[in-house]
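Visitor: Handing you a structure now.
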Amino acid sequence: MRRILCFINDAVSLLTLLSIYQGTLGSYLELPRLSFIGKARIDVNTRNNINCNFDPNQHLNTNNDLDFNPNGTGEFSLFNCTVTSTYGIKGRIGNDPLIRAKVVNNIYQAFPKIVDLDVDFQLEKSGIYGMTLVVLLENGEMAFQGTLQPNVLAQDLWIKSLCIDLSLIKNSSHYSSSKVVSILSNVQWGNISSGSTVLADLKSTAEANGGNLSISMTLYYYTRNVAAYLNTNFTLAHVIGIIGVAKPTESLNFPSSRIMSFEDIPQMAVPLTEEDTCYKFIHSSTPQFPVWMNKAPFTIYDITYNYSQQTWLSVDFSNSLPLTLQGGMRDLGTLYLAVRNQSCMQLIGGPMPYRKHGWNSNGGIVDHILDPLTATLLENSPLIVVRVVTSVDDKKTDYDTAERLNVRVAQLRACSNPNNSNSMMHIILQQMLGEVPTGLHIRTMDYYVGRLEYNQTMAVRILLTKFGKPVHDVNVYVIHNNDTESSVLPPDGVVPESNQTLTDANGIATFIFRVNNIPFPRTYPNLQCNASTYTLPIDGQVYIFSYYADGTPLNRDINNISRVTMVNDIAILGFSYYSPYPPYTWKKDIEPIFSQYERLYPVMKPIVRLGSYKDVTLNHNLQLVYYAMSLDVNHPSYMPVTRDLSPTKKNVILQWLQNPLYDLPIKMSFIRPIRCTSSAIELQSPADSDPHFNSIFKSGVITNSIFRKLASEAEHCAVDRLKEKLKKAVQLEFATIPPYLTALYSIKEGSNSEIHKLIRSVAMQEMMHMAQAANILIAIGGVPLIDSKDAVPSYPTVGLPGNVYPNLTVSLKKMSLQHVYEVFMGIELPHNETVDNSTGQIAENTIGQFYKSIEQCIKFHGDGIFNKSTANMQIQWPWPTKMGRVFTVTDASSAIRGIDEIIEQGEGASPYDPTQGDTSNLAHFYKFEEIVCQKHLVKTIHGNYAYDGADIPFDESGVWPMKDNPRSKCIPPDNNCYTEARAFHNAFRALLRKVQDVFSGNIDGDNGIMSSITIMESMAVHARKLMWTKINPHDESSCGPVWDYDWQDYVGENGSNCDYI
């Protein structure tokens, strides 16, 4: 079912789009299904949690508990999740191949994002965007994947740790738990022939019901204590997940047909002993929260087993049972499910097994096969959970004890024998949870959080059921319910077109909400900011609406909440009216928006400084920002991450990015010519004049070539051999990127800016070279290979792919002049072309010589080996031509142009000419030599070159003290680096998969290269977070990015050759 959150003005047109509820709901609870457990990384950004921080005239409030993660990325990702139980259409299967399968997300994209609705309405209305959930079998093959429809993260938030020490609340969220329920659409199935009965059942059942899956995730024990940044728990939560089949009519929220709740049930009477882990908190007068158990959705459904029909009851307790302070299951005593009406009570099955080890492995679900009597009773009677207080003889029932404990004494006959007085149940029970006596359940069917502009509308369907059956012809009301307003709210900013409507035959009442004029800026009755201001530059206002049912059949009273269970309010952010005039400029239109984002989201600064016109208008940044802001709002790389930009403002920004005026009437330019201010210094070939480079390059000798010397050029240039060389060329270009980026990431923000610029420009061109080599290979019928252990070097490595520089050690180190001199300049070393007279083959010691050898073979074959029909499969580089070009290859001439571009940008056109015939664009070797010389290279009036231009200062204190050559096997699971290193590595692997996908011709609609670039930008964020994370409290050194192909488990101190211990 597609998300029904339509921003249209015609309500009649909208109603034609709505799918109709037709009876029994399906859900993740029904068979077939699987459960998984693990952790979720919820790396929220918190600088925007403080409303005063939105005002650029205020000092940033950073000393605030709400700002516990100012450098958060806003990412949500599953972490070490595995399938722990599987059910086919006939019941549980304990040895299905899906057991121990990995549950991951976004293996080809950037991480999903968690987004607050507004600074004044955060956790309870936060949503997950851009998540593709993937289940991988143990052999790495995909079982299935689906796109999570955006929905609210905390659909059912409660206090799960009842014995919470209030002193911990300031620094921890251990005490809370929430549930998110949604639908997985666009489901793709993988290896159905894996022997998994459950996988086959899921696929066949889903395809018979519209193709979607239903998912529930319960998140709890989230760690937000900043002190936990010294271990791996910071921003991690435990997760219990369940995946089943979605029915075509399924609600996006709580799709189960019925629900038990705590409403109107006294729950404070559970006795404690001194052995209870909560005892000392309760008996030290620590205030307690008034809920012992939380809501439990359930469903009753029929399955056919061995040609007979069974009625199943499945109850989801994953977000219902409390925890101790230490995270263990709180012992509430013996609990039973039961059905109760006015004359009898029937216990269902045995005691709930929640105290058994591994309870969560089943997803927290309790299943029962119902006998006919119980199934019939449940059709019109509430399901409840009872706790056994004591079982006593009727004549000695301790009614005083029962009254003191505030429990209900059950003196009802068993429903199985209601006419027999001897069947009286003499047992003291405490009701812990239950359906409301009326059996009424009201909830939204659609995404109930919206963002609307002036005069836009949004439709929300509300479903009313009674014991799981739709209730028709009943009035449903919506009322404005901002009961805890922090801002001054215009009364008619967001209004329903009607406050009441009747439910239809399917139990659905549809409401249309419209946004009127909401003033800007936002006004507050009282602020705790540094200045005496009562307005803040925050766009729009949030309106909350509650809903309830009334009418003759129900005699509903809004104040009598025990008559109906409502799950969530409707929340709508109405944006302020905005109508700017063109032409749009930085000073007038863009800077007020972008500078606020830079202030609130410091994690963006290493990627692009949004408050700087100069930085934003760099060509690659213009392209990147335009791409990200042009994406669908549900895409994980959409910008802004916060999704709090109105469509009109976004369109203004997109238009400005295409013509980035600074101010009227002129456009600013920051391009300055290079000035020659000193006498010339004659340059020599570095390999001839420098002993260091001479030692890693032996002039005139073909060293350990990967191709043996062949008798003829025809053999040497055979097409299959040429394809292998081009595969190596792609891998060669990739192998240079991790060393360059690692050094780049190690530069502290705001330091060594010119060096940062030079290294970044080289890294970007290496990506272009990789794309160019791939295009040549594709043009002759080959497929580049990059997502492979054989294609990714293990650093430090001696030599580069293709046996280029076989004596050069290439390592991952922080930025230093020595590292640039010894490694970077060695990689890009120019040298004269050398030919082996015995074979006529060009030596392949340098990158340039390696490519000249390829060029020699292309000239040998000519146009005959090229297939012009592959042009549409090749990579179209999105950046402007200032950085160079990636040619589409259709013949020998275009292939040679591409090779010449690679050589000239790397080594230079010759070892004596540092440019490509353009003094403004140095070859890579000379850019690195500029860094080492700490001077720009300039051309003199005599036509020579000298390192006598502007200074390029290097500040060693502006570099993070990263340990050399980070490896996954060197990071213990309890090490400070672990969480961020895993996040970086997951993004790196996603990048490899995406690039391989592009190389294989699967260029998707969002442009595969641009999507790859956005993943790389997220890698940069995680890498920089690693750089400022100490390896341990006793070591000043910091962590670094892990570029291993496979994440290797920690090998221990002995024999690890690691410094990370």
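By convention here, the chains of the structure tokens are called A, B, ... in the order presented, each chain's residues are numbered starting at 1, and ligands are numbered starting at 1 in the order presented.
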Once DSSP has gone over the backbone, tell me which residues of stretch 918-997 of chain A are in strand (DSSP E or B), as a PyMOL selection string.
Guide: chain A and resi 922+935-939+945-951+959+962
Visitor: Quick check, in Å to one decimal: how far apart do atom CA of A:Asp569 and atom CA of A:Phe545 lie?
Guide: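 Going from atom CA of A:Asp569 over to atom CA of A:Phe545, I get 5.7 Å.
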Visitor: Which residues are near A:Ile538? Cut-off 10 Å, only C-alpha atoms, ignore same chain within fewer than 3 positions. Put them as a tab-separated table (two decimals) with N, CA and C atoms, in the first residue's frame.
Guide:
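Final output, out-v3.tsv:
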chain	number	residue	atom	x	y	z
A	51	ASN	N	16.03	25.31	20.74
A	51	ASN	CA	15.45	26.28	19.81
A	51	ASN	C	16.24	27.58	19.73
A	52	CYS	N	16.92	27.99	20.81
A	52	CYS	CA	17.70	29.22	20.77
A	52	CYS	C	18.84	29.13	19.76
A	54	PHE	N	18.73	28.23	16.82
A	54	PHE	CA	18.28	28.59	15.48
A	54	PHE	C	18.56	30.06	15.16
A	55	ASP	N	18.81	30.87	16.18
A	55	ASP	CA	19.01	32.30	15.99
A	55	ASP	C	20.50	32.60	15.81
A	118	ASP	N	10.30	18.61	14.27
A	118	ASP	CA	10.47	20.01	14.60
A	118	ASP	C	11.25	20.10	15.90
A	119	VAL	N	11.88	21.25	16.16
A	119	VAL	CA	12.62	21.43	17.40
A	119	VAL	C	11.72	21.30	18.62
A	520	PHE	N	5.87	34.17	9.98
A	520	PHE	CA	7.29	33.94	10.25
A	520	PHE	C	7.87	35.25	10.78
A	521	PRO	N	8.76	35.24	11.78
A	521	PRO	CA	9.32	34.10	12.50
A	521	PRO	C	8.39	33.55	13.57
A	522	ARG	N	8.83	32.49	14.23
A	522	ARG	CA	8.02	31.85	15.27
A	522	ARG	C	8.14	32.66	16.57
A	523	THR	N	6.99	32.83	17.22
A	523	THR	CA	6.94	33.61	18.46
A	523	THR	C	6.76	32.67	19.64
A	535	THR	N	11.14	35.92	19.55
A	535	THR	CA	10.93	35.34	18.23
A	535	THR	C	12.21	34.64	17.79
A	541	GLN	N	4.83	26.15	12.09
A	541	GLN	CA	4.37	25.71	13.40
A	541	GLN	C	3.84	24.28	13.29
A	575	PHE	N	4.26	24.99	7.09
A	575	PHE	CA	5.31	25.97	6.82
A	575	PHE	C	4.72	27.38	6.67
A	576	SER	N	5.53	28.37	7.02
A	576	SER	CA	5.11	29.76	6.86
A	576	SER	C	5.01	30.12	5.38
A	596	GLN	N	22.03	28.95	8.61
A	596	GLN	CA	21.38	28.30	9.76
A	596	GLN	C	21.67	26.81	9.77
A	644	ASP	N	13.10	19.64	6.71
A	644	ASP	CA	12.29	20.74	7.24
A	644	ASP	C	12.33	21.97	6.34
Visitor: Calculated over only C-alpha atoms, which of the candidates A:Arg982, A:Lys614, A:Lys868, A:Lys247 has the smallest distance to A:Ser77?
Guide: A:Arg982
Visitor: What does the structure give for the distance between atom CA of A:Thr736 and atom CA of A:Gln874, in Å to one decimal?
Guide: 22.0 Å
Visitor: Go ahead and compute the interatomic distance for atom CA of A:Ile512 and atom CA of A:Val471, in Å to one decimal.
Guide: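 Atom-to-atom, atom CA of A:Ile512 and atom CA of A:Val471 are spaced 20.6 Å apart.
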Visitor: Mind checking which residues fall within 12 Å of A:Arg451, counting only C-alpha atoms, ignoring those fewer than 4 positions away in the same chain, and posting them as a VMD selection string?
Guide: chain A and resid 5 to 7 116 to 118 125 447 455 to 459 494 513 to 515 539 to 543 570 to 576 633 642 to 647
Visitor: Quick one: everything within 9 Å of A:Phe984, counting only C-alpha atoms, minus sequence neighbours fewer than 4 positions away in the same chain. Send it as a compact mmCIF listing (two decimals) with N, CA, C and O atoms, in the first residue's frame.
Guide:
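This is the output file out17.txt:
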# COMPACT_ATOMS: atom_id res chain seq x y z
N THR A 979 32.56 1.30 16.99
CA THR A 979 31.26 1.64 16.38
C THR A 979 31.45 2.49 15.13
O THR A 979 30.88 2.20 14.07
N GLU A 980 32.27 3.55 15.24
CA GLU A 980 32.45 4.43 14.08
C GLU A 980 33.24 3.73 12.98
O GLU A 980 32.98 3.95 11.79
N PHE A 988 31.84 2.05 3.26
CA PHE A 988 32.84 1.71 2.24
C PHE A 988 32.39 0.52 1.40
O PHE A 988 32.49 0.54 0.16
N ARG A 989 31.87 -0.52 2.06
CA ARG A 989 31.39 -1.68 1.31
C ARG A 989 30.19 -1.31 0.45
O ARG A 989 30.01 -1.83 -0.66
N SER A 1018 29.35 10.52 3.05
CA SER A 1018 29.01 9.97 4.37
C SER A 1018 30.21 9.26 4.98
O SER A 1018 30.42 9.28 6.19
N MET A 1019 31.04 8.62 4.13
CA MET A 1019 32.28 8.02 4.62
C MET A 1019 33.18 9.09 5.24
O MET A 1019 33.82 8.86 6.28
N ALA A 1020 33.22 10.26 4.61
CA ALA A 1020 34.07 11.35 5.13
C ALA A 1020 33.62 11.75 6.52
O ALA A 1020 34.45 12.03 7.40
N VAL A 1021 32.32 11.79 6.74
CA VAL A 1021 31.81 12.16 8.06
C VAL A 1021 32.27 11.16 9.11
O VAL A 1021 32.77 11.53 10.18
N HIS A 1022 32.13 9.87 8.81
CA HIS A 1022 32.52 8.84 9.78
C HIS A 1022 34.04 8.83 9.97
O HIS A 1022 34.53 8.61 11.09
N ALA A 1023 34.79 9.07 8.90
CA ALA A 1023 36.24 9.08 9.02
C ALA A 1023 36.69 10.20 9.94
O ALA A 1023 37.58 10.02 10.79
N LEU A 1026 36.09 9.36 13.45
CA LEU A 1026 37.13 8.44 13.91
C LEU A 1026 38.39 9.22 14.29
O LEU A 1026 39.05 8.92 15.29
N PRO A 1041 40.16 5.43 9.54
CA PRO A 1041 39.24 4.66 8.71
C PRO A 1041 39.81 3.30 8.33
O PRO A 1041 41.00 3.17 8.07
N VAL A 1042 38.94 2.30 8.30
CA VAL A 1042 39.34 0.93 7.95
C VAL A 1042 38.92 0.66 6.51
O VAL A 1042 37.74 0.65 6.18
N TRP A 1043 39.91 0.42 5.64
CA TRP A 1043 39.65 0.17 4.22
C TRP A 1043 39.76 -1.31 3.87
O TRP A 1043 39.86 -1.66 2.70
Visitor: Counting only C-alpha atoms, what is within 8 Å of A:Ile854, bar same-chain residues fewer than 5 positions away, as a PyMOL selection string?
Guide: chain A and resi 722+725-726
Visitor: Excluding stretch 371-380 of chain A and any residue of its chain fewer than 2 positions from it, enumerate the residues within 8 Å of it, using only C-alpha atoms, and give them as a VMD selection string.
Guide: chain A and resid 311 339 346 348 369 382 to 383 416 439 467
Visitor: Those same residues, written as a short mmCIF file (atom, residue, chain, number, x, y, z; two decimals), in the first residue's frame with N, CA, C and O atoms?
Guide:
data_model
loop_
_atom_site.label_atom_id
_atom_site.label_comp_id
_atom_site.auth_asym_id
_atom_site.auth_seq_id
_atom_site.Cartn_x
_atom_site.Cartn_y
_atom_site.Cartn_z
N THR A 311 -7.05 -22.18 14.46
CA THR A 311 -7.18 -20.76 14.79
C THR A 311 -6.02 -20.38 15.69
O THR A 311 -5.84 -20.96 16.77
N VAL A 339 -9.14 -14.83 28.48
CA VAL A 339 -10.29 -14.14 27.90
C VAL A 339 -11.33 -14.02 29.01
O VAL A 339 -11.54 -14.94 29.80
N GLN A 346 -11.43 -17.46 31.12
CA GLN A 346 -10.77 -18.65 30.59
C GLN A 346 -9.29 -18.35 30.39
O GLN A 346 -8.91 -17.47 29.60
N ILE A 348 -5.64 -19.01 28.91
CA ILE A 348 -5.25 -19.51 27.59
C ILE A 348 -3.84 -20.09 27.69
O ILE A 348 -2.88 -19.36 27.93
N ILE A 369 -2.49 -21.92 19.78
CA ILE A 369 -3.54 -22.48 18.93
C ILE A 369 -4.79 -22.59 19.80
O ILE A 369 -4.78 -23.24 20.85
N PRO A 382 -12.91 -9.35 25.62
CA PRO A 382 -11.54 -8.83 25.62
C PRO A 382 -10.51 -9.87 26.03
O PRO A 382 -10.74 -10.70 26.91
N LEU A 383 -9.35 -9.78 25.37
CA LEU A 383 -8.18 -10.54 25.78
C LEU A 383 -7.47 -9.74 26.87
O LEU A 383 -7.35 -8.51 26.77
N SER A 416 -15.17 -22.89 30.46
CA SER A 416 -15.33 -24.22 29.90
C SER A 416 -16.45 -24.99 30.60
O SER A 416 -16.94 -25.99 30.09
N GLY A 439 -13.91 -3.26 23.47
CA GLY A 439 -13.18 -3.83 22.34
C GLY A 439 -12.86 -2.83 21.25
O GLY A 439 -12.42 -3.21 20.16
N PHE A 467 -13.38 -5.31 18.56
CA PHE A 467 -12.90 -6.69 18.59
C PHE A 467 -12.43 -7.13 17.21
O PHE A 467 -12.69 -8.24 16.75
#
Visitor: Return the single residue from A:Glu930, A:Asp1049, A:Asp863, A:Glu766 that is closest to A:Val820, with distances computed using only C-alpha atoms.
Guide: A:Glu930
